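Listing of entry-v3.pdb; format and content: PDB, C-alpha atoms.
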```
ATOM      1  CA  MET A   1      13.649 -11.742   6.573
ATOM      2  CA  ALA A   2      11.752 -14.782   5.338
ATOM      3  CA  SER A   3       8.050 -15.281   4.855
ATOM      4  CA  LYS A   4       5.920 -18.154   3.694
ATOM      5  CA  LYS A   5       4.959 -17.887   0.046
ATOM      6  CA  SER A   6       1.328 -17.136  -0.634
ATOM      7  CA  SER A   7      -0.906 -20.032  -1.591
ATOM      8  CA  PRO A   8      -1.606 -20.450  -5.316
ATOM      9  CA  LYS A   9      -5.260 -20.818  -4.339
ATOM     10  CA  ALA A  10      -5.432 -17.623  -2.284
ATOM     11  CA  LYS A  11      -8.797 -15.885  -2.577
ATOM     12  CA  MET A  12      -9.945 -12.378  -1.831
ATOM     13  CA  PRO A  13     -11.766 -12.373   1.528
ATOM     14  CA  SER A  14     -15.528 -12.082   1.218
ATOM     15  CA  ASP A  15     -17.233  -8.698   1.378
ATOM     16  CA  GLN A  16     -18.719  -9.742   4.716
ATOM     17  CA  SER A  17     -15.286 -10.569   6.132
ATOM     18  CA  LEU A  18     -13.853  -7.271   4.894
ATOM     19  CA  THR A  19     -16.764  -5.340   6.373
ATOM     20  CA  ARG A  20     -16.154  -6.949   9.769
ATOM     21  CA  LEU A  21     -12.417  -6.246   9.507
ATOM     22  CA  SER A  22     -13.062  -2.636   8.549
ATOM     23  CA  ALA A  23     -15.356  -2.175  11.546
ATOM     24  CA  PHE A  24     -12.813  -3.775  13.871
ATOM     25  CA  LEU A  25      -9.969  -1.536  12.672
ATOM     26  CA  ALA A  26     -12.127   1.576  12.995
ATOM     27  CA  GLN A  27     -13.253   0.973  16.585
ATOM     28  CA  SER A  28     -12.146   3.625  19.070
ATOM     29  CA  LYS A  29     -10.656   0.943  21.337
ATOM     30  CA  ARG A  30      -7.981   0.232  18.704
ATOM     31  CA  PRO A  31      -4.587   1.932  19.175
ATOM     32  CA  GLU A  32      -4.230   5.436  17.789
ATOM     33  CA  GLN A  33      -3.159   5.396  14.113
ATOM     34  CA  THR A  34      -4.302   1.832  13.543
ATOM     35  CA  LEU A  35      -4.565   1.400   9.777
ATOM     36  CA  SER A  36      -8.012   1.570   8.234
ATOM     37  CA  LEU A  37      -8.973  -1.113   5.715
ATOM     38  CA  PRO A  38      -7.994   0.968   2.645
ATOM     39  CA  GLN A  39      -4.731   1.919   4.355
ATOM     40  CA  LEU A  40      -4.097  -1.734   5.134
ATOM     41  CA  GLN A  41      -4.577  -2.623   1.481
ATOM     42  CA  GLY A  42      -2.105   0.050   0.358
ATOM     43  CA  PHE A  43       0.325  -1.025   3.070
ATOM     44  CA  LEU A  44       0.128  -4.673   2.010
ATOM     45  CA  PHE A  45       0.801  -3.683  -1.588
ATOM     46  CA  ALA A  46       4.044  -2.042  -0.451
ATOM     47  CA  VAL A  47       4.959  -5.110   1.637
ATOM     48  CA  SER A  48       4.266  -7.524  -1.220
ATOM     49  CA  CYS A  49       6.366  -5.431  -3.619
ATOM     50  CA  ALA A  50       9.382  -5.198  -1.313
ATOM     51  CA  PRO A  51      12.733  -6.414  -2.706
ATOM     52  CA  TYR A  52      12.938  -8.890   0.189
ATOM     53  CA  GLU A  53      10.395 -11.343   1.595
ATOM     54  CA  ILE A  54       8.935  -9.715   4.714
ATOM     55  CA  SER A  55       7.757 -11.915   7.585
ATOM     56  CA  SER A  56       4.243 -11.359   8.903
ATOM     57  CA  GLU A  57       5.776 -11.206  12.371
ATOM     58  CA  ASP A  58       7.563  -8.079  11.170
ATOM     59  CA  TRP A  59       4.769  -6.273   9.338
ATOM     60  CA  LEU A  60       1.696  -7.206  11.410
ATOM     61  CA  PRO A  61       2.635  -4.924  14.358
ATOM     62  CA  ILE A  62       2.733  -1.939  11.978
ATOM     63  CA  VAL A  63      -0.989  -2.400  11.283
ATOM     64  CA  PHE A  64      -1.685  -1.495  14.912
ATOM     65  CA  ASN A  65       1.023   1.147  15.229
ATOM     66  CA  GLU A  66       3.216  -1.361  17.089
ATOM     67  CA  GLN A  67       0.798  -1.448  20.027
ATOM     68  CA  ASP A  68      -1.510  -4.044  21.567
ATOM     69  CA  PRO A  69      -4.458  -4.458  19.166
ATOM     70  CA  GLY A  70      -6.810  -5.000  22.104
ATOM     71  CA  PHE A  71      -8.240  -8.330  21.022
ATOM     72  CA  GLN A  72     -11.024  -9.601  23.248
ATOM     73  CA  GLY A  73      -9.714 -13.136  23.457
ATOM     74  CA  ASP A  74      -8.193 -15.689  21.112
ATOM     75  CA  GLU A  75     -11.353 -16.158  19.080
ATOM     76  CA  GLU A  76     -11.466 -12.503  18.020
ATOM     77  CA  ALA A  77      -7.701 -12.436  17.423
ATOM     78  CA  ASN A  78      -7.847 -15.479  15.175
ATOM     79  CA  ALA A  79     -10.856 -14.177  13.258
ATOM     80  CA  VAL A  80      -9.243 -10.790  12.580
ATOM     81  CA  LEU A  81      -5.769 -12.082  11.762
ATOM     82  CA  ASP A  82      -7.148 -14.775   9.469
ATOM     83  CA  VAL A  83      -8.762 -12.082   7.309
ATOM     84  CA  VAL A  84      -5.662  -9.871   7.387
ATOM     85  CA  MET A  85      -3.465 -12.774   6.302
ATOM     86  CA  ALA A  86      -5.942 -13.823   3.619
ATOM     87  CA  LEU A  87      -5.872 -10.263   2.304
ATOM     88  CA  TYR A  88      -2.071 -10.323   2.282
ATOM     89  CA  ASN A  89      -1.890 -13.729   0.582
ATOM     90  CA  TYR A  90      -4.326 -12.600  -2.097
ATOM     91  CA  GLN A  91      -2.379  -9.382  -2.677
ATOM     92  CA  ASP A  92       0.902 -11.310  -2.847
ATOM     93  CA  GLN A  93      -0.559 -13.776  -5.321
ATOM     94  CA  GLN A  94      -1.956 -11.012  -7.533
ATOM     95  CA  ILE A  95       1.501  -9.472  -7.781
ATOM     96  CA  GLU A  96       3.126 -12.828  -8.534
ATOM     97  CA  GLU A  97       0.575 -13.310 -11.330
ATOM     98  CA  CYS A  98       1.187  -9.759 -12.659
ATOM     99  CA  LYS A  99      -2.396  -8.746 -11.854
ATOM    100  CA  VAL A 100      -1.486  -5.437 -10.247
ATOM    101  CA  ALA A 101      -4.486  -3.181  -9.656
ATOM    102  CA  LEU A 102      -6.214  -1.062  -7.043
ATOM    103  CA  PRO A 103      -9.019  -2.775  -5.133
ATOM    104  CA  ASP A 104     -12.404  -1.821  -6.589
ATOM    105  CA  SER A 105     -13.320  -0.200  -3.273
ATOM    106  CA  CYS A 106     -10.297   2.140  -3.506
ATOM    107  CA  LEU A 107     -10.663   3.472  -7.033
ATOM    108  CA  PRO A 108     -10.264   7.262  -7.384
ATOM    109  CA  ALA A 109     -13.246   9.553  -7.760
ATOM    110  CA  ALA A 110     -13.747  11.526 -10.967
ATOM    111  CA  GLU A 111     -13.659  14.812  -9.024
ATOM    112  CA  LEU A 112     -10.037  15.542  -8.091
ATOM    113  CA  ASP A 113     -10.852  17.314  -4.823
ATOM    114  CA  ARG A 114     -12.747  14.296  -3.497
ATOM    115  CA  ASN A 115      -9.568  12.237  -3.738
ATOM    116  CA  PHE A 116      -7.913  14.498  -1.166
ATOM    117  CA  SER A 117     -10.815  14.289   1.289
ATOM    118  CA  GLU A 118     -10.170  12.693   4.674
ATOM    119  CA  GLY A 119     -12.475   9.730   4.090
ATOM    120  CA  SER A 120     -11.514   9.013   0.488
ATOM    121  CA  PRO A 121     -10.659   5.283   0.169
ATOM    122  CA  PHE A 122      -8.264   6.185  -2.644
ATOM    123  CA  ARG A 123      -6.417   8.710  -0.484
ATOM    124  CA  LEU A 124      -6.295   6.208   2.369
ATOM    125  CA  TRP A 125      -4.873   3.509   0.079
ATOM    126  CA  CYS A 126      -2.145   5.953  -0.985
ATOM    127  CA  SER A 127      -1.534   6.820   2.674
ATOM    128  CA  GLY A 128      -1.140   3.146   3.570
ATOM    129  CA  PHE A 129       1.215   2.615   0.665
ATOM    130  CA  LEU A 130       3.307   5.578   1.829
ATOM    131  CA  ILE A 131       3.461   4.128   5.353
ATOM    132  CA  GLY A 132       4.565   0.781   3.960
ATOM    133  CA  HIS A 133       7.213   2.159   1.648
ATOM    134  CA  GLY A 134       8.533   4.433   4.380
ATOM    135  CA  TRP A 135       8.769   1.525   6.810
ATOM    136  CA  LEU A 136      10.621  -0.530   4.184
ATOM    137  CA  GLU A 137      12.768   2.334   2.916
ATOM    138  CA  SER A 138      16.025   0.573   3.797
ATOM    139  CA  CYS A 139      15.073  -2.273   1.431
ATOM    140  CA  TRP A 140      15.167   0.182  -1.474
ATOM    141  CA  GLU A 141      18.549   1.716  -0.711
ATOM    142  CA  GLU A 142      21.677   1.454  -2.853
ATOM    143  CA  LEU A 143      19.820   1.123  -6.160
ATOM    144  CA  ASP A 144      21.646   2.117  -9.309
ATOM    145  CA  SER A 145      20.714   5.543 -10.603
ATOM    146  CA  ASP A 146      18.291   4.308 -13.266
ATOM    147  CA  LEU A 147      16.290   2.114 -10.877
ATOM    148  CA  ASP A 148      16.386   4.788  -8.199
ATOM    149  CA  GLU A 149      14.838   7.207 -10.676
ATOM    150  CA  VAL A 150      12.116   4.714 -11.596
ATOM    151  CA  VAL A 151      11.240   4.009  -7.959
ATOM    152  CA  GLY A 152      11.283   7.724  -7.154
ATOM    153  CA  SER A 153       8.934   8.456 -10.036
ATOM    154  CA  CYS A 154       6.568   5.680  -8.925
ATOM    155  CA  MET A 155       6.670   6.972  -5.372
ATOM    156  CA  MET A 156       5.607  10.445  -6.438
ATOM    157  CA  VAL A 157       2.645   9.107  -8.398
ATOM    158  CA  LEU A 158       1.517   6.575  -5.777
ATOM    159  CA  SER A 159       1.830   8.972  -2.827
ATOM    160  CA  PHE A 160       0.646  12.198  -4.512
ATOM    161  CA  TYR A 161      -2.870  11.846  -3.127
ATOM    162  CA  ALA A 162      -1.819  10.563   0.313
ATOM    163  CA  GLU A 163      -1.737  14.107   1.710
ATOM    164  CA  ARG A 164      -2.663  17.420   0.104
ATOM    165  CA  GLU A 165       0.454  19.008   1.632
ATOM    166  CA  MET A 166       2.611  16.364  -0.067
ATOM    167  CA  ALA A 167       0.887  16.974  -3.385
ATOM    168  CA  ASP A 168       1.539  20.703  -3.006
ATOM    169  CA  SER A 169       5.227  20.036  -2.340
ATOM    170  CA  PHE A 170       5.493  17.805  -5.415
ATOM    171  CA  TYR A 171       3.770  20.501  -7.456
ATOM    172  CA  ALA A 172       6.130  23.186  -6.192
ATOM    173  CA  GLU A 173       9.188  21.090  -7.004
ATOM    174  CA  PHE A 174       8.280  19.287 -10.210
ATOM    175  CA  ALA A 175       5.546  21.200 -12.049
ATOM    176  CA  GLU A 176       6.379  22.605 -15.472
ATOM    177  CA  PRO A 177       6.462  26.407 -15.736
ATOM    178  CA  GLY A 178       2.897  27.657 -15.906
ATOM    179  CA  GLU A 179       1.391  24.225 -15.253
ATOM    180  CA  ARG A 180      -1.731  24.372 -13.108
ATOM    181  CA  PHE A 181      -2.007  22.104 -10.060
ATOM    182  CA  GLU A 182      -5.109  20.442 -11.506
ATOM    183  CA  VAL A 183      -3.214  19.457 -14.650
ATOM    184  CA  MET A 184      -0.478  17.790 -12.625
ATOM    185  CA  ALA A 185      -3.033  16.083 -10.372
ATOM    186  CA  GLU A 186      -4.843  14.675 -13.400
ATOM    187  CA  ALA A 187      -1.529  13.430 -14.809
ATOM    188  CA  MET A 188      -0.822  11.598 -11.553
ATOM    189  CA  LEU A 189      -4.145   9.785 -11.845
ATOM    190  CA  ALA A 190      -3.502   8.943 -15.496
ATOM    191  CA  GLU A 191      -0.138   7.407 -14.584
ATOM    192  CA  PHE A 192      -1.290   5.623 -11.426
ATOM    193  CA  ASP A 193      -1.950   2.140 -12.800
ATOM    194  CA  GLU A 194       1.334   2.085 -14.713
ATOM    195  CA  ALA A 195       3.217   3.304 -11.634
ATOM    196  CA  MET A 196       1.800   0.398  -9.608
ATOM    197  CA  VAL A 197       2.977  -2.052 -12.265
ATOM    198  CA  ARG A 198       6.459  -0.535 -12.533
ATOM    199  CA  TYR A 199       6.892  -0.433  -8.750
ATOM    200  CA  ALA A 200       5.884  -4.100  -8.449
ATOM    201  CA  ASP A 201       8.135  -5.080 -11.373
ATOM    202  CA  VAL A 202      11.208  -3.415  -9.867
ATOM    203  CA  GLY A 203      10.568  -5.071  -6.503
ATOM    204  CA  ALA A 204      10.152  -8.492  -8.143
ATOM    205  CA  MET A 205      13.317  -8.056 -10.193
ATOM    206  CA  LEU A 206      15.362  -7.066  -7.146
ATOM    207  CA  ARG A 207      13.926  -9.916  -5.104
ATOM    208  CA  SER A 208      14.890 -12.383  -7.806
ATOM    209  CA  ASP A 209      18.416 -10.963  -7.931
ATOM    210  CA  TYR A 210      18.819 -11.192  -4.155
ATOM    211  CA  GLU A 211      17.521 -14.772  -4.058
ATOM    212  CA  GLU A 212      20.103 -15.802  -6.661
ATOM    213  CA  GLU A 213      22.992 -14.378  -4.634
TER     214      GLU A 213
END
```
Starting from the file, give its structure as structure tokens.
Amino acid sequence: MASKKSSPKAKMPSDQSLTRLSAFLAQSKRPEQTLSLPQLQGFLFAVSCAPYEISSEDWLPIVFNEQDPGFQGDEEANAVLDVVMALYNYQDQQIEECKVALPDSCLPAAELDRNFSEGSPFRLWCSGFLIGHGWLESCWEELDSDLDEVVGSCMMVLSFYAEREMADSFYAEFAEPGERFEVMAEAMLAEFDEAMVRYADVGAMLRSDYEEE
């Protein structure tokens, strides 16, 4: 699956463009389970970190749950897709330049419970990342045991806040004896930035290996 490399001059879309995109994605006329803007950003992080180059023709339909986006003509379609692609190109470039970080608009709240709330941008970013990794799961198969452990550890950290039920299941399975849920949740936040970096590094290493074959 091939995709055009991101431009070295890729720029983050303007706040105005992102606001318009966010409003478009949130409209009730969009297909059910269309990604919100924070979900889209988490999803694009997963796509950019994949061990293989992923074509936009492959990943764009996932944004709209593989249904007709309901564009009102070519002008609207071009305007929306231009911003989506600019967002992807910027994300891809940031990873290539080892500038891996959450968008400022998706940073976690200081209060743990707020990060599990339905409208939390941080939770939605994690949800979008989980959707992306799940869609690309086959790309991460057949890793050696050490890399599989690293990716699994990153996955737990990066998806912990995607759903409270998922966090509870991680807590039930991996918490130390006597460890409170809040302690584990705080540890996940403390490890989040490093998990993003490690996940991106493993994807880049695998991609380089595959390209050399």
Q | Matched chain/residue IDs from the PyMOL selection byres ((chain A and resi 195) around 10), as a PyMOL selection string | A | chain A and resi 150-151+153-158+188-194+196-201
Residue selection dump (C-alpha atoms) as a PDB file, keeping the file's coordinate frame:
```pdb
ATOM      1  CA  VAL A 150      12.116   4.714 -11.596  1.00  0.00           C
ATOM      2  CA  VAL A 151      11.240   4.009  -7.959  1.00  0.00           C
ATOM      3  CA  SER A 153       8.934   8.456 -10.036  1.00  0.00           C
ATOM      4  CA  CYS A 154       6.568   5.680  -8.925  1.00  0.00           C
ATOM      5  CA  MET A 155       6.670   6.972  -5.372  1.00  0.00           C
ATOM      6  CA  MET A 156       5.607  10.445  -6.438  1.00  0.00           C
ATOM      7  CA  VAL A 157       2.645   9.107  -8.398  1.00  0.00           C
ATOM      8  CA  LEU A 158       1.517   6.575  -5.777  1.00  0.00           C
ATOM      9  CA  MET A 188      -0.822  11.598 -11.553  1.00  0.00           C
ATOM     10  CA  LEU A 189      -4.145   9.785 -11.845  1.00  0.00           C
ATOM     11  CA  ALA A 190      -3.502   8.943 -15.496  1.00  0.00           C
ATOM     12  CA  GLU A 191      -0.138   7.407 -14.584  1.00  0.00           C
ATOM     13  CA  PHE A 192      -1.290   5.623 -11.426  1.00  0.00           C
ATOM     14  CA  ASP A 193      -1.950   2.140 -12.800  1.00  0.00           C
ATOM     15  CA  GLU A 194       1.334   2.085 -14.713  1.00  0.00           C
ATOM     16  CA  MET A 196       1.800   0.398  -9.608  1.00  0.00           C
ATOM     17  CA  VAL A 197       2.977  -2.052 -12.265  1.00  0.00           C
ATOM     18  CA  ARG A 198       6.459  -0.535 -12.533  1.00  0.00           C
ATOM     19  CA  TYR A 199       6.892  -0.433  -8.750  1.00  0.00           C
ATOM     20  CA  ALA A 200       5.884  -4.100  -8.449  1.00  0.00           C
ATOM     21  CA  ASP A 201       8.135  -5.080 -11.373  1.00  0.00           C
TER      22      ASP A 201
END
```
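The two atoms in question, atom CA of Val100 of chain A and atom CA of Ala175 of chain A, are spaced 27.6 Å apart.
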Q | Pairwise distance for atom CA of Ile54 of chain A and atom CA of Met85 of chain A, rounded to one decimal in Å | A | 12.9 Å
Q. Using the chain letters and numbers from the file, which residues does the PyMOL selection byres ((chain A and resi 12-14) around 7) grab, as a list in words?
A.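 Selection result, ordered by chain and number: Ala10, Lys11, Asp15, Gln16, Ser17, Leu18, Val83, Ala86, Leu87 and Tyr90 of chain A.
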(Q) Report as an MDAnalysis selection string all protein, DNA and RNA residues lying within 7 Å of segment 35-51 of chain A, evaluated on all atoms listed in the file, omitting residues in the same chain fewer than 2 positions from it. (A) chainID A and resid 22 25:26 33 53:54 63:64 88 91:92 106 121 124:129 131:133 139 200 203:204 206:207
Q | Atomic distance atom CA of Arg30 of chain A - atom CA of Asn65 of chain A, expressed in Å with one decimal | A |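 Value for the atom CA of Arg30 of chain A-atom CA of Asn65 of chain A distance: 9.7 Å.
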Q | Selection: 12 Å around Asn115 of chain A, only C-alpha atoms, excl. self and same-chain fewer than 3 positions, as a list in words | A |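 Within the cut-off, the hits are Cys106, Leu107, Pro108, Ala109, Ala110, Glu111, Leu112, Glu118, Gly119, Ser120, Pro121, Phe122, Arg123, Leu124, Trp125, Cys126, Ser127, Ser159, Phe160, Tyr161, Ala162, Glu163, Arg164, Ala167, Ala185, Glu186, Met188 and Leu189 of chain A.
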Preceding selection exported with C-alpha atoms as a PDB file, keeping the file's coordinate frame:
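Wrote it out as again_13.pdb, contents follow:
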```
ATOM      1  CA  CYS A 106     -10.297   2.140  -3.506  1.00  0.00           C
ATOM      2  CA  LEU A 107     -10.663   3.472  -7.033  1.00  0.00           C
ATOM      3  CA  PRO A 108     -10.264   7.262  -7.384  1.00  0.00           C
ATOM      4  CA  ALA A 109     -13.246   9.553  -7.760  1.00  0.00           C
ATOM      5  CA  ALA A 110     -13.747  11.526 -10.967  1.00  0.00           C
ATOM      6  CA  GLU A 111     -13.659  14.812  -9.024  1.00  0.00           C
ATOM      7  CA  LEU A 112     -10.037  15.542  -8.091  1.00  0.00           C
ATOM      8  CA  GLU A 118     -10.170  12.693   4.674  1.00  0.00           C
ATOM      9  CA  GLY A 119     -12.475   9.730   4.090  1.00  0.00           C
ATOM     10  CA  SER A 120     -11.514   9.013   0.488  1.00  0.00           C
ATOM     11  CA  PRO A 121     -10.659   5.283   0.169  1.00  0.00           C
ATOM     12  CA  PHE A 122      -8.264   6.185  -2.644  1.00  0.00           C
ATOM     13  CA  ARG A 123      -6.417   8.710  -0.484  1.00  0.00           C
ATOM     14  CA  LEU A 124      -6.295   6.208   2.369  1.00  0.00           C
ATOM     15  CA  TRP A 125      -4.873   3.509   0.079  1.00  0.00           C
ATOM     16  CA  CYS A 126      -2.145   5.953  -0.985  1.00  0.00           C
ATOM     17  CA  SER A 127      -1.534   6.820   2.674  1.00  0.00           C
ATOM     18  CA  SER A 159       1.830   8.972  -2.827  1.00  0.00           C
ATOM     19  CA  PHE A 160       0.646  12.198  -4.512  1.00  0.00           C
ATOM     20  CA  TYR A 161      -2.870  11.846  -3.127  1.00  0.00           C
ATOM     21  CA  ALA A 162      -1.819  10.563   0.313  1.00  0.00           C
ATOM     22  CA  GLU A 163      -1.737  14.107   1.710  1.00  0.00           C
ATOM     23  CA  ARG A 164      -2.663  17.420   0.104  1.00  0.00           C
ATOM     24  CA  ALA A 167       0.887  16.974  -3.385  1.00  0.00           C
ATOM     25  CA  ALA A 185      -3.033  16.083 -10.372  1.00  0.00           C
ATOM     26  CA  GLU A 186      -4.843  14.675 -13.400  1.00  0.00           C
ATOM     27  CA  MET A 188      -0.822  11.598 -11.553  1.00  0.00           C
ATOM     28  CA  LEU A 189      -4.145   9.785 -11.845  1.00  0.00           C
TER      29      LEU A 189
END
```
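With distances restricted to only C-alpha atoms, A:Glu137 is the closest residue to Tyr52 of chain A from A:Val183, A:Glu137, A:Leu147, A:Phe24.
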Could the centre and edge lengths of an axis-aligned box, enclosing all atoms of segment 64-78 of chain A in the file with 6 Å extra on each side, be given in Å to one decimal as AutoDock Vina command-line options?
```
--center_x -4.1 --center_y -7.5 --center_z 19.2 --size_x 26.7 --size_y 29.3 --size_z 20.5
```
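Of the residues listed (A:Phe116, A:Pro31, A:Leu21, A:Ser138), A:Pro31 shows the shortest atom-to-atom separation from Glu66 of chain A; distances use only C-alpha atoms.
The residue set within 12 Å of Asp68 of chain A, counting all atoms listed in the file and dropping same-chain residues fewer than 5 places from it, reads Lys29, Arg30, Pro31, Glu32, Thr34, Leu60, Pro61, Ile62, Val63 and Ala77 of chain A.
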